[in-house]
Every structure is written in C-alpha cells, then in structure tokens.
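Source file: structure_18.txt; contents: compact mmCIF, C-alpha atoms and all ligand atoms.
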```txt
# COMPACT_ATOMS: atom_id res chain seq x y z
CA MET A 20 -4.03 158.40 -118.52
CA LEU A 21 -5.42 154.89 -118.78
CA THR A 22 -9.17 154.42 -118.61
CA THR A 23 -11.10 151.63 -116.91
CA ASP A 24 -11.58 150.08 -120.37
CA ASP A 25 -7.81 150.17 -120.88
CA GLN A 26 -7.25 148.46 -117.53
CA GLN A 27 -9.72 145.71 -118.29
CA ALA A 28 -8.36 145.21 -121.79
CA LEU A 29 -4.77 144.99 -120.57
CA LEU A 30 -5.56 142.52 -117.78
CA ALA A 31 -7.61 140.36 -120.19
CA TRP A 32 -4.71 140.45 -122.65
CA TYR A 33 -2.29 139.46 -119.87
CA ASP A 34 -4.52 136.59 -118.76
CA HIS A 35 -4.38 135.15 -122.28
CA HIS A 36 -0.93 136.09 -123.53
CA GLN A 37 1.44 136.12 -120.57
CA ARG A 38 4.53 133.99 -120.96
CA ASP A 39 4.51 130.82 -118.88
CA LEU A 40 7.29 131.55 -116.39
CA PRO A 41 7.85 129.43 -113.28
CA TRP A 42 7.93 132.35 -110.83
CA ARG A 43 4.42 133.23 -111.99
CA ARG A 44 3.19 129.86 -110.78
CA THR A 45 4.20 130.44 -107.19
CA ARG A 46 3.22 132.82 -104.41
CA ASP A 47 6.36 132.03 -102.47
CA PRO A 48 7.83 135.47 -101.68
CA TRP A 49 11.44 134.22 -101.63
CA SER A 50 11.17 132.63 -105.11
CA ILE A 51 9.51 135.80 -106.42
CA LEU A 52 12.17 138.02 -104.86
CA LEU A 53 14.92 135.91 -106.47
CA SER A 54 13.26 136.31 -109.88
CA GLU A 55 12.91 140.07 -109.49
CA VAL A 56 16.52 140.55 -108.41
CA LEU A 57 17.77 138.36 -111.26
CA LEU A 58 15.61 139.91 -113.96
CA GLN A 59 16.69 143.47 -113.21
CA GLN A 60 19.74 143.13 -115.44
CA THR A 61 19.37 139.71 -117.03
CA GLN A 62 17.17 138.69 -119.97
CA VAL A 63 14.31 136.31 -119.21
CA THR A 64 15.75 133.35 -121.13
CA ARG A 65 19.05 133.55 -119.24
CA GLY A 66 17.28 134.54 -116.04
CA LEU A 67 15.31 131.28 -116.15
CA VAL A 68 18.49 129.21 -115.96
CA TYR A 69 19.90 131.17 -113.02
CA TRP A 70 16.57 131.38 -111.21
CA ARG A 71 16.23 127.58 -111.28
CA ARG A 72 19.78 127.21 -110.04
CA MET A 73 19.27 129.70 -107.21
CA VAL A 74 15.92 128.23 -106.11
CA GLU A 75 17.36 124.71 -106.11
CA THR A 76 20.51 125.75 -104.23
CA PHE A 77 18.80 128.11 -101.81
CA PRO A 78 15.11 127.12 -101.59
CA THR A 79 14.50 129.35 -98.58
CA VAL A 80 15.82 132.58 -97.20
CA ALA A 81 17.12 130.58 -94.21
CA SER A 82 19.14 128.26 -96.45
CA MET A 83 20.92 131.20 -98.07
CA SER A 84 21.59 132.83 -94.70
CA ARG A 85 23.43 129.69 -93.55
CA ALA A 86 25.60 129.59 -96.69
CA SER A 87 28.85 131.47 -97.20
CA VAL A 88 28.90 134.45 -99.53
CA ASP A 89 31.30 132.40 -101.69
CA ALA A 90 28.64 129.70 -102.12
CA VAL A 91 26.10 132.33 -103.19
CA LEU A 92 28.56 133.84 -105.67
CA LYS A 93 29.28 130.36 -107.06
CA ALA A 94 25.56 129.71 -107.63
CA TRP A 95 25.27 133.15 -109.25
CA GLU A 96 28.30 132.54 -111.51
CA GLY A 97 27.59 133.70 -115.06
CA ALA A 98 24.58 135.87 -114.19
CA GLY A 99 26.71 139.04 -113.96
CA TYR A 100 26.33 142.08 -111.70
CA TYR A 101 27.68 140.12 -108.78
CA SER A 102 26.90 142.84 -106.26
CA ARG A 103 23.32 141.53 -106.52
CA ALA A 104 24.43 138.14 -105.17
CA ARG A 105 26.40 139.66 -102.31
CA ARG A 106 23.48 141.86 -101.34
CA LEU A 107 21.06 138.93 -101.52
CA HIS A 108 23.27 137.09 -99.05
CA ALA A 109 23.28 140.14 -96.76
CA LEU A 110 19.51 140.39 -97.16
CA SER A 111 19.01 136.76 -96.13
CA GLN A 112 21.08 137.25 -93.00
CA ARG A 113 19.21 140.41 -92.08
CA VAL A 114 15.81 138.73 -92.55
CA MET A 115 16.85 135.89 -90.24
CA LEU A 116 17.67 138.26 -87.38
CA THR A 117 15.12 138.67 -84.62
CA LYS A 118 12.96 141.78 -84.56
CA ASP A 119 14.86 143.24 -81.62
CA LYS A 120 17.99 143.09 -83.78
CA ASP A 121 16.34 144.87 -86.69
CA GLY A 122 15.51 141.63 -88.51
CA PHE A 123 12.25 139.94 -89.51
CA ASN A 124 12.32 136.65 -87.55
CA GLY A 125 13.05 134.64 -90.70
CA GLU A 126 10.05 135.87 -92.75
CA LEU A 127 10.39 138.19 -95.72
CA PRO A 128 8.49 141.38 -94.87
CA GLY A 129 5.37 142.05 -96.92
CA THR A 130 5.15 145.81 -97.16
CA TYR A 131 6.85 148.16 -99.63
CA ALA A 132 8.35 150.24 -96.81
CA GLU A 133 9.84 147.25 -94.98
CA LEU A 134 11.17 145.63 -98.15
CA LEU A 135 12.88 148.90 -99.02
CA THR A 136 14.98 148.65 -95.85
CA LEU A 137 16.62 145.38 -96.98
CA PRO A 138 20.09 145.28 -98.59
CA GLY A 139 19.96 145.55 -102.39
CA ILE A 140 16.23 146.28 -102.54
CA GLY A 141 15.36 149.49 -104.39
CA PRO A 142 11.97 151.01 -105.22
CA TYR A 143 11.37 148.75 -108.22
CA THR A 144 12.08 145.45 -106.43
CA ALA A 145 10.20 146.52 -103.30
CA ALA A 146 7.14 147.43 -105.36
CA ALA A 147 7.34 144.26 -107.47
CA VAL A 148 7.64 141.90 -104.48
CA ALA A 149 5.07 143.78 -102.39
CA SER A 150 2.50 143.69 -105.19
CA ILE A 151 3.19 140.25 -106.73
CA ALA A 152 3.92 138.21 -103.60
CA PHE A 153 1.84 140.11 -101.04
CA GLY A 154 -0.93 141.79 -103.10
CA GLN A 155 0.01 145.27 -101.90
CA PRO A 156 -1.34 148.12 -104.10
CA VAL A 157 1.95 149.68 -105.16
CA ALA A 158 2.93 150.54 -108.72
CA CYS A 159 6.20 149.37 -110.28
CA VAL A 160 8.28 151.43 -112.64
CA ASP A 161 10.93 149.83 -114.82
CA GLY A 162 12.29 150.42 -118.31
CA ASN A 163 9.42 148.57 -119.97
CA ILE A 164 6.78 150.57 -118.13
CA ARG A 165 8.61 153.83 -118.90
CA ARG A 166 8.54 152.97 -122.61
CA VAL A 167 4.82 152.06 -122.59
CA MET A 168 4.04 155.27 -120.69
CA ALA A 169 6.13 157.46 -123.02
CA ARG A 170 4.42 156.02 -126.10
CA HIS A 171 0.93 155.95 -124.68
CA THR A 172 1.21 159.63 -123.72
CA ALA A 173 3.45 160.58 -126.70
CA GLN A 174 6.23 162.02 -124.54
CA THR A 175 9.82 161.96 -125.73
CA GLU A 176 11.50 162.56 -122.37
CA PRO A 177 9.23 161.85 -119.41
CA THR A 178 10.89 162.39 -116.04
CA ALA A 179 11.07 159.68 -113.41
CA LYS A 180 8.32 161.51 -111.52
CA ASP A 181 6.14 161.68 -114.65
CA VAL A 182 6.41 157.92 -115.08
CA GLN A 183 5.81 157.15 -111.41
CA ASP A 184 2.76 159.45 -111.32
CA TRP A 185 1.38 157.77 -114.45
CA ALA A 186 1.99 154.29 -113.02
CA ASP A 187 0.42 155.25 -109.67
CA ALA A 188 -2.67 156.62 -111.42
CA ALA A 189 -2.93 153.59 -113.72
CA LEU A 190 -2.56 150.95 -110.97
CA GLN A 191 -5.40 148.45 -110.86
CA ILE A 192 -5.68 148.04 -107.10
CA HIS A 193 -7.75 144.84 -107.17
CA ARG A 194 -5.01 142.88 -108.94
CA PRO A 195 -1.87 144.95 -108.34
CA GLY A 196 0.64 142.16 -108.92
CA ASP A 197 -0.99 141.06 -112.18
CA TRP A 198 -1.37 144.69 -113.22
CA ASN A 199 2.31 145.50 -112.74
CA GLN A 200 3.31 142.33 -114.54
CA ALA A 201 0.84 143.03 -117.36
CA LEU A 202 2.37 146.45 -118.05
CA MET A 203 5.88 145.03 -117.95
CA GLU A 204 4.86 142.09 -120.15
CA LEU A 205 3.36 144.48 -122.69
CA GLY A 206 6.64 146.41 -122.81
CA ALA A 207 8.69 143.22 -123.07
CA THR A 208 6.69 141.47 -125.78
CA VAL A 209 4.55 143.99 -127.72
CA CYS A 210 5.59 147.59 -127.04
CA THR A 211 9.22 146.66 -127.54
CA PRO A 212 12.09 149.06 -128.30
CA ARG A 213 12.11 148.02 -131.98
CA ARG A 214 9.58 146.21 -134.18
CA VAL A 215 6.66 147.43 -132.10
CA ARG A 216 3.49 145.33 -132.57
CA CYS A 217 0.72 147.88 -132.11
CA GLU A 218 -1.68 145.59 -133.98
CA ALA A 219 -1.49 143.17 -131.01
CA CYS A 220 -1.73 145.82 -128.29
CA PRO A 221 -4.81 146.13 -126.05
CA LEU A 222 -4.04 149.82 -125.44
CA VAL A 223 -4.11 150.83 -129.10
CA PRO A 224 -7.50 152.65 -129.01
CA SER A 225 -6.24 155.24 -126.51
CA CYS A 226 -2.55 155.33 -127.41
CA ARG A 227 -1.35 158.79 -128.52
CA GLY A 228 1.99 157.54 -129.80
CA ARG A 229 0.81 154.68 -131.97
CA ALA A 230 1.36 156.53 -135.28
CA ALA A 231 5.10 156.72 -134.67
CA PRO A 232 5.88 154.66 -131.55
CA GLU A 233 9.63 154.51 -132.10
CA ARG A 234 9.84 158.28 -131.58
CA TYR A 235 9.03 157.73 -127.90
CA PRO A 236 10.92 157.90 -125.63
CA THR A 237 14.07 159.49 -127.05
CA ALA A 238 16.82 156.88 -127.00
CA LYS A 239 19.60 157.57 -124.52
CA LYS A 240 23.04 157.26 -126.05
CA GLN A 241 25.19 154.96 -123.96
CA ARG A 242 28.90 155.50 -124.38
CA LYS A 243 31.07 152.63 -123.31
CA ILE A 244 34.52 153.21 -121.89
CA ASP A 245 37.32 151.26 -123.58
CA VAL A 246 39.66 149.55 -121.13
CA GLU A 247 42.85 147.75 -122.13
CA LEU A 248 44.16 145.14 -119.70
CA THR A 249 46.91 142.58 -119.52
CA VAL A 250 46.77 139.41 -117.50
CA VAL A 251 49.48 136.84 -116.86
CA VAL A 252 47.90 133.54 -115.80
CA GLU A 253 50.31 131.59 -113.64
CA LEU A 254 50.02 127.82 -113.77
CA ALA A 255 51.07 125.82 -110.72
CA SER A 256 52.90 122.49 -110.97
CA ASP A 257 49.58 120.63 -110.73
CA GLY A 258 48.42 122.40 -113.92
CA TYR A 259 45.79 124.54 -112.23
CA PRO A 260 45.94 128.35 -112.40
CA VAL A 261 47.00 130.39 -109.41
CA LEU A 262 43.88 132.39 -108.49
CA SER A 263 43.03 134.73 -105.65
CA GLN A 264 39.82 136.19 -104.31
CA ARG A 265 39.21 139.84 -105.11
CA PRO A 266 38.32 142.38 -102.41
CA MET A 267 34.63 142.78 -101.53
CA SER A 268 34.44 146.12 -103.35
CA GLY A 269 35.38 147.16 -106.86
CA MET A 270 35.15 145.28 -110.15
CA PHE A 271 34.17 141.59 -109.78
CA ALA A 272 34.18 142.04 -106.01
CA GLY A 273 34.40 138.78 -104.09
CA LEU A 274 34.99 136.68 -107.21
CA TRP A 275 38.15 134.71 -107.86
CA GLY A 276 40.54 135.23 -110.76
CA PRO A 277 44.05 136.05 -111.94
CA GLN A 278 45.51 139.51 -111.44
CA TYR A 279 45.00 142.14 -114.15
CA ALA A 280 47.18 145.13 -114.98
CA GLU A 281 46.05 148.17 -116.96
CA GLY A 282 47.47 148.65 -120.44
CA PRO A 283 49.64 146.36 -122.55
CA VAL A 284 52.81 144.92 -121.00
CA GLU A 285 56.09 144.29 -122.70
CA HIS A 286 56.71 140.72 -123.67
CA HIS A 287 58.69 138.84 -121.05
CA PRO A 288 60.71 135.74 -122.07
CA SER A 289 59.22 133.64 -119.27
CA THR A 290 55.64 134.21 -120.47
CA ALA A 291 53.82 132.82 -123.48
CA PHE A 292 51.35 135.08 -125.25
CA CYS A 293 48.04 133.23 -125.60
CA GLY A 294 45.94 135.78 -127.42
CA THR A 295 43.75 138.86 -127.11
CA LEU A 296 40.06 138.73 -126.26
CA ARG A 297 37.28 141.25 -126.00
CA HIS A 298 34.55 141.40 -123.43
CA GLU A 299 31.75 143.89 -122.82
CA LEU A 300 29.98 144.90 -119.67
CA SER A 301 27.14 147.41 -119.60
CA HIS A 302 29.43 150.46 -119.45
CA ARG A 303 32.85 149.11 -120.35
CA ARG A 304 34.46 147.39 -123.30
CA PHE A 305 37.56 145.38 -122.38
CA THR A 306 40.46 144.36 -124.58
CA VAL A 307 42.50 141.82 -122.66
CA HIS A 308 45.94 140.53 -123.64
CA VAL A 309 46.33 137.09 -122.12
CA HIS A 310 49.70 135.56 -121.20
CA ARG A 311 50.60 132.35 -119.47
CA ARG A 312 53.54 131.50 -117.22
CA THR A 313 54.46 128.32 -115.37
CA ASN A 314 55.20 128.95 -111.72
CA ALA A 315 57.43 126.08 -110.59
CA ASP A 316 57.56 127.49 -107.08
CA CYS A 317 53.84 126.93 -106.63
CA SER A 318 52.75 123.31 -106.37
CA THR A 319 49.00 123.78 -106.00
CA GLY A 320 46.70 125.93 -108.08
CA THR A 321 42.95 126.49 -107.78
CA PRO A 322 40.57 124.28 -109.81
CA PRO A 323 38.45 126.91 -111.65
CA ASP A 324 35.20 125.04 -111.07
CA SER A 325 35.72 125.16 -107.29
CA VAL A 326 35.37 128.94 -107.02
CA ALA A 327 33.11 131.69 -108.41
CA LEU A 328 34.49 133.33 -111.55
CA SER A 329 33.28 136.18 -113.74
CA ALA A 330 32.47 135.46 -117.38
CA LEU A 331 35.57 137.44 -118.34
CA ASP A 332 37.80 135.30 -116.11
CA ILE A 333 36.29 132.10 -117.50
CA LYS A 334 37.21 133.29 -121.02
CA VAL A 335 40.71 134.30 -119.90
CA LEU A 336 41.37 130.94 -118.24
CA GLU A 337 40.08 129.05 -121.29
CA LEU A 338 42.40 131.02 -123.54
CA ALA A 339 45.35 130.65 -121.19
CA THR A 340 45.12 126.88 -121.36
CA VAL A 341 45.13 126.79 -125.20
CA PRO A 342 48.78 126.67 -126.35
CA THR A 343 48.38 128.78 -129.50
CA ASP A 344 48.55 132.50 -130.33
CA LYS A 345 45.16 133.76 -131.45
CA SER A 346 42.68 136.58 -131.06
CA ARG A 347 38.98 136.40 -130.18
S1 LIG A 401 -0.42 150.98 -129.24
FE1 LIG A 401 1.68 150.60 -129.89
S2 LIG A 401 2.89 152.31 -129.08
FE2 LIG A 401 0.91 152.34 -128.04
S3 LIG A 401 1.28 151.21 -126.13
FE3 LIG A 401 0.50 149.74 -127.63
S4 LIG A 401 2.33 148.84 -128.61
FE4 LIG A 401 2.96 150.70 -127.51
```
Spell out the structure here as structure tokens.
Ligand code: SF4
Amino acid sequence: MLTTDDQQALLAWYDHHQRDLPWRRTRDPWSILLSEVLLQQTQVTRGLVYWRRMVETFPTVASMSRASVDAVLKAWEGAGYYSRARRLHALSQRVMLTKDKDGFNGELPGTYAELLTLPGIGPYTAAAVASIAFGQPVACVDGNIRRVMARHTAQTEPTAKDVQDWADAALQIHRPGDWNQALMELGATVCTPRRVRCEACPLVPSCRGRAAPERYPTAKKQRKIDVELTVVVELASDGYPVLSQRPMSGMFAGLWGPQYAEGPVEHHPSTAFCGTLRHELSHRRFTVHVHRRTNADCSTGTPPDSVALSALDIKVLELATVPTDKSR
C-alpha cells in the first residue's frame, strides 16, 4: 500500500525526471490514443518514430476514417503487430458514426466505459486515455506497474486482480493521468527488469522488496515456437516482385508479400537459392529459405514501397534481389 508521502514523492519525482516525450506535451486525445496504442508493444525510441509518422499522416480521427485500411497499414509499416493498425482504422470509422448509429459524432469519447467499447481498446488503453487525455480517475495496469507493485509489496506472483486492486488503491485522483504515467515511468526507467536503481527511487523508504528487487515478480519463461518456411519470390519482367495482399485474418493480415510454404522445399532448376534468414516475433522464431524465380509470363510486378510490408517480407525481398547465396 502506498502512503500519501509515497504519492507526493512519486509525483514530485515524475515532475522532475519524466522523459520529454511529444505526446506528453499535448492534451489532444487522438494523439494520446495513438501513442498508447503504439507503445503497448513497441519500445519508446521506436515508438517515437512511428508516432510522428502516424500523427503527421493522420492528424485527426476524421482523417484516418477517410483513408483506406491499406494507407493505415502503410503508415504503420515496420511497427509490427499490424492488427493494431487495422483496429485503429475500424476505431476511427466507428467514432465518426453518428450517435444513432452507435458512433460518437466524430469525437473520441472521454470515459473509460465508452472507450472500452471501441475496436482494439482494452482495459489498459481505455484507462490510459481516460486518465491522461480526459483527467478521469481510473488506474492503469501494465507490465511496468505490475513489476513496481510486485517489488513494492514483495510478491513473487501477484494475480491480475492483486495488481489492479493495488493500482486502484494507490491512484492519486487529483492528477490521475500524471499518476499513472509516473508509475509507468518509474517501472520503465528506475524499477526496471534488470539493473534496478533503487538509489534513485522515490518509493524506497516504504518498499518491501528493495533488498532483493530482482526476486520480484518471478520471471515468466517465454518459449518461442520454431517455424521453418520457404518462399519463392517471383520477379516480373519489369524487375519488380510479384506480391499479393494477404487475407484480413491470420499472420501479417492485410499486408502484402510473396507466398510462403511451410518447411524446406526441394531445389527446383528454375529457381535460384538466395539464402536463409532468421526473424523473430514475440512468440515465434522463423527460419526462412529464400528463392528467386523470373516469371516471364508476368510483365508487371509490385513496387515494394507502394504497399505495406512486414519487416520479415522486407528482409526477404532484399535478400531475393541480391544475386548471391548467403545466410543471415
Ligand atoms: S525501491 Fe527499488 S525495488 Fe522498490 S520500487 Fe523502488 S526501484 Fe523498485
């Protein structure tokens, strides 16, 4: 349990030590929502690049609603977890609907409950946007806050309810947005997974886990699934690869790319082996054997920079255009 002294100390620390991030200099709900959606699974340094790109391309919820989902995916290219981009597009279109059609007349709603009804918005994002953009007294819970809570209370395996109850009780209702960000900032910069800096922490006087912070919480072992794939990149007569858009569900949904097949394929005389590359997603580790074939029957390929591609497809296409056998 945090005391009033803890709350004051943490907010004072945040006022002096918070990182200077552009979405903290605005109260625009749309810009804040974009930052929260991006930062869920993207580090801040990379998130900055994509946030700027998204805000410049789609400065308002209305501007995204008028765009195609392909244009949103293109702007999101490289940020990963593309379902976020597709849901953002769906969110923008829902917000622009009139109230009688279950929309919000073009204004992002300001309450936790309303935000939670939007596509792609879960409890964390709803609480973050409601508190930061609209000053609503709702507590956020993310991985950083869970770690701070586990250490402060010296618990190895707090449940989701334990963490939410702790966050609800700790919430500083006069500055809820700053409070939520202060706890997350502490977890991101001081109470970090490794190399914890307790000497710089404003909660150190009351922290029960400070003697051995890395014991809390118990690390979850993440096992990645190994996937072996083969891809034959066909090149049209104009030199561009033949690409197609993937279905709107499944891996890399809605993005463009060449076709993959599971497992290694036997060498075919009409294909040239370009190399093998490796690529990791959060739960999968890919080994991809890349081949190239000229398709004389196809006169026009797809310029890769004209469509949205996954990071894996960008690597595959780069390798397929290098005429040497090599591994990465
Ligand atoms: S004192 Fe150390 S372990 Fe406790 S909350 Fe602060 S940084 Fe984390």
Coordinates of box centre and edge lengths for segment 308-312 of chain A, 3 Å on every side, axis-aligned, as lines of an AutoDock Vina configuration file:
```
center_x = 49.7
center_y = 136.0
center_z = -120.4
size_x = 13.6
size_y = 15.0
size_z = 12.4
```
Take atom CA of Ser50 of chain A and atom CA of Leu328 of chain A and report the distance between them in Å, one decimal. 24.2 Å
Just checking: using only C-alpha atoms and all ligand atoms, which residue out of A:Lys239, A:His171, A:His302, A:Lys180 ends up closest to ligand LIG 401 (chain A)?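 The answer is A:His171, which sits nearest to ligand LIG 401 (chain A).
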Interatomic distance, atom FE1 of ligand LIG 401 (chain A) to atom CA of Met20 of chain A (Å, one decimal):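 We find that atom FE1 of ligand LIG 401 (chain A) and atom CA of Met20 of chain A lie 14.9 Å from each other.
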Which residues, written as an MDAnalysis selection string, have at least one atom at most 9 Å from segment 92-97 of chain A, with all atoms listed in the file counted and residues fewer than 5 positions away on the same chain left out? chainID A and resid 69 72:73 76 87 104:105 273:274 324:330
Which of these, A:Glu299, A:Glu247, A:Asp119, A:Glu204, has the shortest distance to ligand LIG 401 (chain A) once you count all atoms listed in the file? A:Glu204
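When the distance limit is 9 Å and all atoms listed in the file are what count, the residues near segment 154-158 of chain A, minus those fewer than 3 positions from it on the same chain, are Gly129, Thr130, Tyr131, Tyr143, Ala146, Ala147, Val148, Ala149, Ser150, Ile151, Gln183, Ala186, Asp187, Ala188, Ala189, Leu190, Gln191, Ile192, His193, Arg194, Pro195, Gly196, Trp198 and Asn199 of chain A.
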Would you mind listing, for every residue of chain A within 7 Å of ligand LIG 401 (chain A), the two atoms forming the shortest contact and the distance between them in Å to one decimal, using all atoms listed in the file, sorted by chain and ascending residue number, as a tab-separated table?
```
residue	atom	partner	partner_atom	distance
A:Val167	CA	A:LIG401	S3	5.1
A:Arg170	CA	A:LIG401	S2	5.0
A:His171	CA	A:LIG401	FE2	4.9
A:Val209	CA	A:LIG401	S4	5.4
A:Cys210	CA	A:LIG401	S4	3.8
A:Val215	CA	A:LIG401	S4	5.7
A:Arg216	CA	A:LIG401	S4	5.4
A:Cys217	CA	A:LIG401	FE1	3.6
A:Cys220	CA	A:LIG401	FE3	4.6
A:Pro221	CA	A:LIG401	FE3	6.6
A:Leu222	CA	A:LIG401	FE3	5.0
A:Val223	CA	A:LIG401	S1	3.7
A:Cys226	CA	A:LIG401	FE2	4.6
A:Arg227	CA	A:LIG401	FE2	6.9
A:Gly228	CA	A:LIG401	S2	5.4
A:Arg229	CA	A:LIG401	S2	4.3
A:Pro232	CA	A:LIG401	S2	4.5
```
Now that the selection is made, can you save its residues with C-alpha atoms as an mmCIF file, keeping the file's coordinate frame?
```cif
data_model
loop_
_atom_site.group_PDB
_atom_site.id
_atom_site.type_symbol
_atom_site.label_atom_id
_atom_site.label_comp_id
_atom_site.auth_asym_id
_atom_site.auth_seq_id
_atom_site.Cartn_x
_atom_site.Cartn_y
_atom_site.Cartn_z
ATOM 1 C CA VAL A 167 4.820 152.060 -122.590
ATOM 2 C CA ARG A 170 4.420 156.020 -126.100
ATOM 3 C CA HIS A 171 0.930 155.950 -124.680
ATOM 4 C CA VAL A 209 4.550 143.990 -127.720
ATOM 5 C CA CYS A 210 5.590 147.590 -127.040
ATOM 6 C CA VAL A 215 6.660 147.430 -132.100
ATOM 7 C CA ARG A 216 3.490 145.330 -132.570
ATOM 8 C CA CYS A 217 0.720 147.880 -132.110
ATOM 9 C CA CYS A 220 -1.730 145.820 -128.290
ATOM 10 C CA PRO A 221 -4.810 146.130 -126.050
ATOM 11 C CA LEU A 222 -4.040 149.820 -125.440
ATOM 12 C CA VAL A 223 -4.110 150.830 -129.100
ATOM 13 C CA CYS A 226 -2.550 155.330 -127.410
ATOM 14 C CA ARG A 227 -1.350 158.790 -128.520
ATOM 15 C CA GLY A 228 1.990 157.540 -129.800
ATOM 16 C CA ARG A 229 0.810 154.680 -131.970
ATOM 17 C CA PRO A 232 5.880 154.660 -131.550
#
```
Mind listing as a list in words all residues within 7 Å of (15.9, 139.9, -92.5), counting all atoms listed in the file?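 Applying the cut-off with all atoms listed in the file, one gets Leu110, Ser111, Gln112, Arg113, Val114, Met115, Leu116, Gly122, Phe123, Asn124, Gly125 and Leu127 of chain A.
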Which distance in Å separates atom CA of Arg303 of chain A and atom CA of Arg265 of chain A, to one decimal? 18.9 Å
Counting all atoms listed in the file, which residues have an atom no more than 6 Å from (37.8, 130.7, -112.7) in the file's coordinates? Please list them as a list in words. Gly276, Pro323, Leu328, Asp332 and Ile333 of chain A
Print the selection's residues with C-alpha atoms to a file, as a PDB file, in the coordinates of the input.
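To be explicit, this is the file written out as result02.pdb:
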```
ATOM      1  CA  GLY A 276      40.540 135.230-110.760  1.00  0.00           C
ATOM      2  CA  PRO A 323      38.450 126.910-111.650  1.00  0.00           C
ATOM      3  CA  LEU A 328      34.490 133.330-111.550  1.00  0.00           C
ATOM      4  CA  ASP A 332      37.800 135.300-116.110  1.00  0.00           C
ATOM      5  CA  ILE A 333      36.290 132.100-117.500  1.00  0.00           C
TER       6      ILE A 333
END
```
Restricting the calculation to only C-alpha atoms: of A:Val246, A:Leu262, A:Ala179, A:Val252, which residue gets closest to Glu281 of chain A?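 That would be A:Val246, the residue with the smallest distance to Glu281 of chain A.
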From the list A:Asp25, A:Asp34, A:Asp47, A:Asp89, which residue is nearest Val74 of chain A when using all atoms listed in the file?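 Among A:Asp25, A:Asp34, A:Asp47, A:Asp89, it is A:Asp47 that comes nearest to Val74 of chain A.
Of the listed residues (A:Gln278, A:Ser318, A:Ser84, A:Ser102), A:Gln278 comes nearest to Val335 of chain A; the distances count all atoms listed in the file.
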Name the residues in contact with Leu336 of chain A at a cut-off of 12 Å, using only C-alpha atoms, excluding same-chain residues fewer than 2 positions from it; report them as a PyMOL selection string. chain A and resi 250-254+258-262+275-278+293-294+296+307-311+321-324+328-334+338-342
Export of prior selection with C-alpha atoms as a PDB file, keeping the file's coordinate frame:
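This went into again-v1.pdb:
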```pdb
ATOM      1  CA  VAL A 250      46.770 139.410-117.500  1.00  0.00           C
ATOM      2  CA  VAL A 251      49.480 136.840-116.860  1.00  0.00           C
ATOM      3  CA  VAL A 252      47.900 133.540-115.800  1.00  0.00           C
ATOM      4  CA  GLU A 253      50.310 131.590-113.640  1.00  0.00           C
ATOM      5  CA  LEU A 254      50.020 127.820-113.770  1.00  0.00           C
ATOM      6  CA  GLY A 258      48.420 122.400-113.920  1.00  0.00           C
ATOM      7  CA  TYR A 259      45.790 124.540-112.230  1.00  0.00           C
ATOM      8  CA  PRO A 260      45.940 128.350-112.400  1.00  0.00           C
ATOM      9  CA  VAL A 261      47.000 130.390-109.410  1.00  0.00           C
ATOM     10  CA  LEU A 262      43.880 132.390-108.490  1.00  0.00           C
ATOM     11  CA  TRP A 275      38.150 134.710-107.860  1.00  0.00           C
ATOM     12  CA  GLY A 276      40.540 135.230-110.760  1.00  0.00           C
ATOM     13  CA  PRO A 277      44.050 136.050-111.940  1.00  0.00           C
ATOM     14  CA  GLN A 278      45.510 139.510-111.440  1.00  0.00           C
ATOM     15  CA  CYS A 293      48.040 133.230-125.600  1.00  0.00           C
ATOM     16  CA  GLY A 294      45.940 135.780-127.420  1.00  0.00           C
ATOM     17  CA  LEU A 296      40.060 138.730-126.260  1.00  0.00           C
ATOM     18  CA  VAL A 307      42.500 141.820-122.660  1.00  0.00           C
ATOM     19  CA  HIS A 308      45.940 140.530-123.640  1.00  0.00           C
ATOM     20  CA  VAL A 309      46.330 137.090-122.120  1.00  0.00           C
ATOM     21  CA  HIS A 310      49.700 135.560-121.200  1.00  0.00           C
ATOM     22  CA  ARG A 311      50.600 132.350-119.470  1.00  0.00           C
ATOM     23  CA  THR A 321      42.950 126.490-107.780  1.00  0.00           C
ATOM     24  CA  PRO A 322      40.570 124.280-109.810  1.00  0.00           C
ATOM     25  CA  PRO A 323      38.450 126.910-111.650  1.00  0.00           C
ATOM     26  CA  ASP A 324      35.200 125.040-111.070  1.00  0.00           C
ATOM     27  CA  LEU A 328      34.490 133.330-111.550  1.00  0.00           C
ATOM     28  CA  SER A 329      33.280 136.180-113.740  1.00  0.00           C
ATOM     29  CA  ALA A 330      32.470 135.460-117.380  1.00  0.00           C
ATOM     30  CA  LEU A 331      35.570 137.440-118.340  1.00  0.00           C
ATOM     31  CA  ASP A 332      37.800 135.300-116.110  1.00  0.00           C
ATOM     32  CA  ILE A 333      36.290 132.100-117.500  1.00  0.00           C
ATOM     33  CA  LYS A 334      37.210 133.290-121.020  1.00  0.00           C
ATOM     34  CA  LEU A 338      42.400 131.020-123.540  1.00  0.00           C
ATOM     35  CA  ALA A 339      45.350 130.650-121.190  1.00  0.00           C
ATOM     36  CA  THR A 340      45.120 126.880-121.360  1.00  0.00           C
ATOM     37  CA  VAL A 341      45.130 126.790-125.200  1.00  0.00           C
ATOM     38  CA  PRO A 342      48.780 126.670-126.350  1.00  0.00           C
TER      39      PRO A 342
END
```
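Across A:Phe77, A:Tyr100, A:Phe305, A:Phe153, the tightest approach to Gly282 of chain A is made by A:Phe305 when counting all atoms listed in the file.
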Need to verify the contact set: Thr144 of chain A, 12 Å, all atoms listed in the file, exclusion of same-chain residues closer than 3 positions in sequence. Can you return it as a VMD selection string? chain A and resid 48 51 to 59 103 130 to 141 147 to 152 157 to 161 199
